[in-house]
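Only one structure is covered here, and it is reproduced in the block below.
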Amino acid sequence: MNRDASKVKEVWNKIQNGVNSTPTMVFSVIGDSDSFVPKPWPKTVFQTALIEAAKSGGETWILYRGNEKGVSRCVREAYQSYGDMEFGNKNTGYGICVNDTNRHIKLISIARKGAFRTEYLTDPHFETNGEDDDSFLLEFEKYVSEQDVSFFSQKMDIKMPVPIAVIVCEGDIDTIVHISEALKNKLPVIIMKGSGKAADLVFDFLENERQLKKKASVLFGIRFDDKKYSELKAHLDTIDENRDLVGVFDLDQDDPLMLSNIVGEAVISCWSMENILQRNNANGLEFANSLNLRPKTAIPHSQTNGTTIKGSSLAWKLLRRNSVNPEKKIIDQILGGFKLESRPYVLNPKFSTPTSLPLYFYFGYQLLQESDLLEECGPVLLLEALKANRCDYVRVLLDQRVKFDPKNLPELYEQTVSCKDCKFKSEDCLHMQWILKQIEEKHAKRMCHKYRCKVIKMNSKKVGEQQKYIEEKIEELHLPVAKSAEALCREILRYEEFTKDSSTEDDNISLILLWAIFANRKELAEIYWLRGKNHLLTGLVCSAILKKLSKKANNVKEQVLSNDLEEHSKLFEQRCLGIMDRMYDENAEQAIDLMDTEADIWGIHSCPLTFAYENFMYDVVAHTCSQKNMNRQWYNNLAPDLKPFLKSAIRKPRMFLSAPLTKYMFNYVMFFIMLVIYSSFVLTSISTKYYEKNIGKLFEYIVYAWGAGDFSEKLISCFGFLEERGRSHRSKWSRAKRYLYDFWNVVDLLSYFLLIAAVLVYYLEITDTYIVSRRMFGLSLLVMYLRFLEVFLVFRKLGPTLLMIKEMLKDLLGFLSIAVFVVLGVGIYYHANLWPDHQTIWSGDWTNWRIWTIIYYPYWQLYAELNLDQLDGSDQSDCTNVTSVWESDTSINRCPQEDWTVQAVAAIYLLFSNLLLVNLVIAMFSYTFERVQNDSEKLWRFERYTVINDYKWRIPSPFNLFFMPYRCFCLPERKGCCLQKCREICCKDAVKKENKIKADNEAYQRNFQRITALKIHNKI
């Protein structure tokens, strides 16, 4: 094993110069061998695990033997796939070379004589020639482990040992010898279980050494004599003695992302063993015997059996070996230097542990604990943990009261939400950055692109006043970035900004939560959601934002991103439902009150129930807490049953009269009376002769008065002019759009439009018969009768039936959009062959246009009206064949001509329409019926809230006209109205007491939500 050290050093320097970097992680893959026992193994899993671990290691070298076949070929293919996926068509010697700073994984061949040569490779890698045996590679591995690297930053002179791991796939007896010698040198070894031969033999021996004789012959397929077996047994015994330095990755069971954890644990275990550190000759001190420790996880000042562990962490010892005293300035340099090197590799929190690569987090946390600077210097580590999705470190740092520095917010967005390789203006990358850009380009640019532009501009300037000025601008950038993120949130949900009086510490938490939503980091979003306040409203807002983003992604056919965002949205909604369930079980009164408690998040001010209704969260609105709150509003805190409610009219008349249920009943009683009056007017008093009677005028004016009052209430409902301001801060357009989404509101507006049109025609039409006016009034009355059906919406049995009718109407409209083109096509064929060369299609009065004849026959054939006597041309009555007659008078019909193809087309059309189209719409109705029936209770409860919310402030028409001036000028439903101001002046003590009770109750509800969320979040 003794060899001239200059040869190893020469190779080390050659590789360093060739790849232009010093590694922060080294993998040495061994196991090339000939096989007498054919055993397939999952090479793809190994390749994926190797590359994923190398990505997480930072600047990683992969050493291999460079052979044409076996494990070397597997490693080479994995590296080529990595280059193709990472760099595309630039993955060649003329593109991203092996010494390029953007290529963070270097493939290095410690080649034997006659090994596979570089010129056969399409991907850039580095090659150096060694010897035929494994001794050179073994000495090189040992030499690498003894070298120091600027682990935290290549630009800093703070050294730590180079972490190295030997990865074993397949292999022969020489491989086992290599493992044994590597363990003697205190090098960690990772066994790829399932790859066969030496790797499986080592694993089986560690599990049960008594099966060695059987396993050795089976796995290697060779004959052992006593000498070979004894040597093999001796090497395996050495491996067993150092089994703490051996990690196992199961190729058949483990996820590829788990290799990073296994390598990290093995490296930490090796560094914690004796004799890992060299003597510090300058100080005459020996630290080698003082490191027989396990990695530190306790608080710096904690005590175990009366002996303090402060000053004994692995990171502290390694820095002291380099004569570094880790004070605050050094700690800042160590942690701050790392983030300037490269974009962080994002880990899946499901497979990450404290020792997962990169070890930057493990050592950084230890240094902060040792130096008691966790709160002061921790924000840098927290920033890196957020970027790398290291949820374990984020949780621990937050528990240690480490706060996020808002000045790092622009960098956080730039490195996680924005696309590094996509130009903001000229490219449509279809990632989250582009989706946000489509919502509001100004805010998206400030969030995702402004920081990068400033940094590029600063780096292009020379050191001086200009660079210092740009640095100051970058530090001030976090405020506009935070405001843009909140503005983008409100733009997504269409809410107006609610300005609060002052900022709190929770604003820091909410900013990171909003970042986690835009970056779609599920685990981090949960962590910060649990540490925030107003968990119920915040969770609902997060769910709504993610649902909107999912729809945006789906619109641009980003199905994977859309599904991921939708899953995240449902996760937040389920968390909120879980909180509501638990709170209702523990304190029903507070849980019910909470649904109507106002709060604000990201400039959105609302209460949970109102927000859930505005964003169509059916499960939340249908929840027991919401329904109990609705009942309180519906019955105005009176008995929630009809009979006792009616009895309360005597005992509590004021509460009874102001209850939404009372106003609802009274409104529809007035509506029914108006329908009777309107019907009488339409039936008896439209023409001039009967209109002169006073009763006709009275009926007409009653209808107009009721219509004016009801229309004014609908306008208030649509735009929210007079209702309580705290209920919603949505923009006027958003409220109108939400209002028009309701089917019954559309029917209401249609009835008003027809009534207004009828009135205009009635007074502008100069005639004695008023035929057009009568038709318009009759049509308006018909729609109002349909409107009256809404009265049944609040009934549990009839309400779902109305919902089914509404949903089936949507299906019917979809069917008609298909049928109209079929009807037009068939009708044109009929007309072209029955009445060829007809020149007066659009001539004469509009009632005589030929378009009505074109659609007449095929349309009524849908309902089995065949009209065969017309289609076969045999009916020549009541028509003429004289061209000049039917051309001059369009009211005279032209006689059809006989054409057998018309009957043939009619036969095919009837088969298609009656058997296919009609049955199709029936099937659509059946599906809609089943769908609505399954969710009937949930849908009915949602629609019920529409009625309750409407009648909470509504006054039945036409009596509302008398109160309209008072409502417009005093605004009794608004906060800060004149009545409330007078009461605050006259009853200061009472108002002060009420405000204190309200504030205490809201504080209790916030704590109630927080405690409940922390109790159940792990069960969701």
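Naming works like this for the structure tokens: A, B, ... for the chains as they're shown, residue 1 at the start of each chain, ligands 1 onward in shown order.
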Excluding Leu609 (chain A) and residues on its chain fewer than 5 positions from it, collect all residues at most 9 Å away from it, counting only C-alpha atoms, and give them as a list in words.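 My list of contacting residues is Leu537, Leu594, Met595, Asp596, Thr597, Glu614, Val620, Val621, Ser626 and Asn629 of chain A.
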Take the residues just selected and output them with N, CA, C and O atoms as a short mmCIF file (atom, residue, chain, number, x, y, z; two decimals), in the first residue's frame.
data_model
loop_
_atom_site.label_atom_id
_atom_site.label_comp_id
_atom_site.auth_asym_id
_atom_site.auth_seq_id
_atom_site.Cartn_x
_atom_site.Cartn_y
_atom_site.Cartn_z
N LEU A 537 -59.25 31.83 8.97
CA LEU A 537 -59.34 32.72 7.82
C LEU A 537 -58.09 32.64 6.96
O LEU A 537 -58.17 32.60 5.72
N LEU A 594 -66.85 32.32 15.99
CA LEU A 594 -65.64 32.56 15.20
C LEU A 594 -65.94 32.67 13.71
O LEU A 594 -65.24 33.38 12.99
N MET A 595 -66.97 31.97 13.24
CA MET A 595 -67.29 32.00 11.82
C MET A 595 -67.66 33.41 11.34
O MET A 595 -67.59 33.71 10.15
N ASP A 596 -68.07 34.25 12.27
CA ASP A 596 -68.49 35.62 11.92
C ASP A 596 -67.54 36.68 12.47
O ASP A 596 -67.88 37.85 12.49
N THR A 597 -66.36 36.25 12.94
CA THR A 597 -65.38 37.19 13.49
C THR A 597 -64.48 37.71 12.38
O THR A 597 -63.87 36.95 11.65
N GLU A 614 -67.90 33.60 -0.59
CA GLU A 614 -67.49 34.37 -1.76
C GLU A 614 -66.57 33.57 -2.68
O GLU A 614 -66.50 33.84 -3.88
N VAL A 620 -66.99 24.20 3.63
CA VAL A 620 -66.87 25.10 4.78
C VAL A 620 -68.21 25.73 5.11
O VAL A 620 -68.62 25.80 6.27
N VAL A 621 -68.92 26.19 4.08
CA VAL A 621 -70.22 26.81 4.31
C VAL A 621 -71.22 25.79 4.85
O VAL A 621 -72.09 26.12 5.66
N SER A 626 -70.77 26.65 10.57
CA SER A 626 -71.34 27.67 9.68
C SER A 626 -72.86 27.65 9.74
O SER A 626 -73.51 28.70 9.79
N ASN A 629 -74.17 29.18 12.88
CA ASN A 629 -74.05 30.63 12.79
C ASN A 629 -75.14 31.21 11.89
O ASN A 629 -75.72 32.27 12.19
#
Which residues are close to Asn554 (chain A), i.e. within 12 Å by only C-alpha atoms, leaving aside same-chain residues fewer than 6 positions away? Reply as number ranges by chain. A: 430-432, 435, 547-548, 560-566
Quick one, how far is CA of Ile948 (chain A) from CA of Ile545 (chain A)?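 A separation of 26.2 Å between them.
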Atomic separation - CA of Ser21 (chain A) relative to CA of Gly70 (chain A), Å: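 That distance, rounded to one decimal, is 28.3 Å.
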Could you check the closest approach to Arg210 (chain A) for each of A:Cys718, A:Lys233, A:Phe925, A:Phe666 and tell me which residue wins, using only C-alpha atoms?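 Closest candidate: A:Lys233.
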A:Ser648, A:Thr946, A:Gln415, A:Gln897 ranked by distance to Gly873 (chain A), top pick (using only C-alpha atoms): A:Gln897
How many Å lie between CA of Cys448 (chain A) and CA of His104 (chain A), rounded to one decimal?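 Between CA of Cys448 (chain A) and CA of His104 (chain A) the gap is 24.3 Å.
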Pick out the residues sitting within 12 Å of Phe656 (chain A), and hand them over as a ChimeraX atom specification; count only C-alpha atoms, and ignore anything fewer than 2 positions along from it in its own chain. /A:633-640,642,644-654,658-666
For Asn20 (chain A), which residue out of A:His443, A:Lys227, A:Arg103, A:Lys714 is the nearest one, using only C-alpha atoms?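 Of A:His443, A:Lys227, A:Arg103, A:Lys714, the one nearest Asn20 (chain A), counting only C-alpha atoms, is A:Arg103.
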As a ChimeraX atom specification, please: the residues near Tyr830 (chain A) (cut-off 12 Å, only C-alpha atoms, same-chain neighbours under 5 positions excluded). /A:823-825,835-836,851,853-858,867-868,870-873,896-906,909
Shell of 10 Å around region 937-942 of chain A, only C-alpha atoms, local chain residues under 6 positions omitted, as a list of chain:residue names: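 The residues satisfying every condition are A:Ala612, A:Tyr613, A:Phe616, A:Met617, A:Tyr618, A:Asp619, A:Val620, A:Val621, A:Ala622, A:His623, A:Ser626, A:Gln627, A:Met630, A:Leu793, A:Val794, A:Phe795, A:Arg796, A:Lys797, A:Leu798, A:Gly799, A:Pro800, A:Thr801, A:Leu802, A:Leu803.
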Sel. of strand (DSSP E or B) residues, region 373-614 of chain A, as an MDAnalysis selection string: chainID A and resid 495 599:601 604:606
Write to file, as a tab-separated table (two decimals), in the first residue's frame, the residues of the selection just made, with C-alpha atoms.
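Below you can see out_38.tsv, which holds the result:
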chain	number	residue	atom	x	y	z
A	495	TYR	CA	-60.24	42.11	-3.05
A	599	ALA	CA	-59.87	39.54	10.65
A	600	ASP	CA	-57.36	40.58	8.03
A	601	ILE	CA	-54.53	38.86	6.21
A	604	ILE	CA	-57.86	41.12	2.81
A	605	HIS	CA	-60.46	41.89	5.47
A	606	SER	CA	-63.32	39.45	5.95
When DSSP works through the backbone of this structure, what residues of region 525-683 of chain A end up as helix (DSSP H, G or I), shown as a PyMOL selection string? chain A and resi 525-530+535-555+559-586+588-594+608-614+618-621+624-635+642-651+653-658+660-683
A:Val918, A:Asn408, A:Phe572, A:Leu750: which is nearest Leu779 (chain A), counting only C-alpha atoms? A:Leu750
Which one of A:Ile517, A:Ala1013, A:Glu440, A:Arg575 sits closest to Val417 (chain A) if you count only C-alpha atoms?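 For Val417 (chain A), the nearest of the candidates is A:Ile517.
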Can you work out which one of A:Ala519, A:Val772, A:Met85, A:Val75 has the shortest atom-to-atom distance to Lys106 (chain A), counting only C-alpha atoms?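 Checking each candidate against Lys106 (chain A), we get A:Val75 as the closest.
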Need to verify the contact set: Asn667 (chain A), 8 Å, only C-alpha atoms, exclusion of same-chain residues closer than 6 positions in sequence. Can you return it as a list in words? Ile955, Pro956 and Ser957 of chain A
Take the residues just selected and output them with N, CA and C atoms as a PDB file, in the first residue's frame.
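Final file, selection_31.pdb:
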ATOM      1  N   ILE A 955     -84.810  45.288   3.371  1.00  0.00           N
ATOM      2  CA  ILE A 955     -86.147  45.707   3.788  1.00  0.00           C
ATOM      3  C   ILE A 955     -87.099  45.375   2.649  1.00  0.00           C
ATOM      4  N   PRO A 956     -88.209  44.694   2.927  1.00  0.00           N
ATOM      5  CA  PRO A 956     -89.122  44.288   1.847  1.00  0.00           C
ATOM      6  C   PRO A 956     -89.640  45.493   1.061  1.00  0.00           C
ATOM      7  N   SER A 957     -89.805  45.269  -0.219  1.00  0.00           N
ATOM      8  CA  SER A 957     -90.343  46.297  -1.119  1.00  0.00           C
ATOM      9  C   SER A 957     -91.879  46.269  -1.052  1.00  0.00           C
TER      10      SER A 957
END
If we count only C-alpha atoms, what is near region 673-689 of chain A at a cut-off of 10 Å, once residues fewer than 6 positions away on the same chain are taken out, given as a VMD selection string? chain A and resid 667 695 to 704 706 to 707 762 767 to 771 773 to 778 780 to 782 784 to 785 788
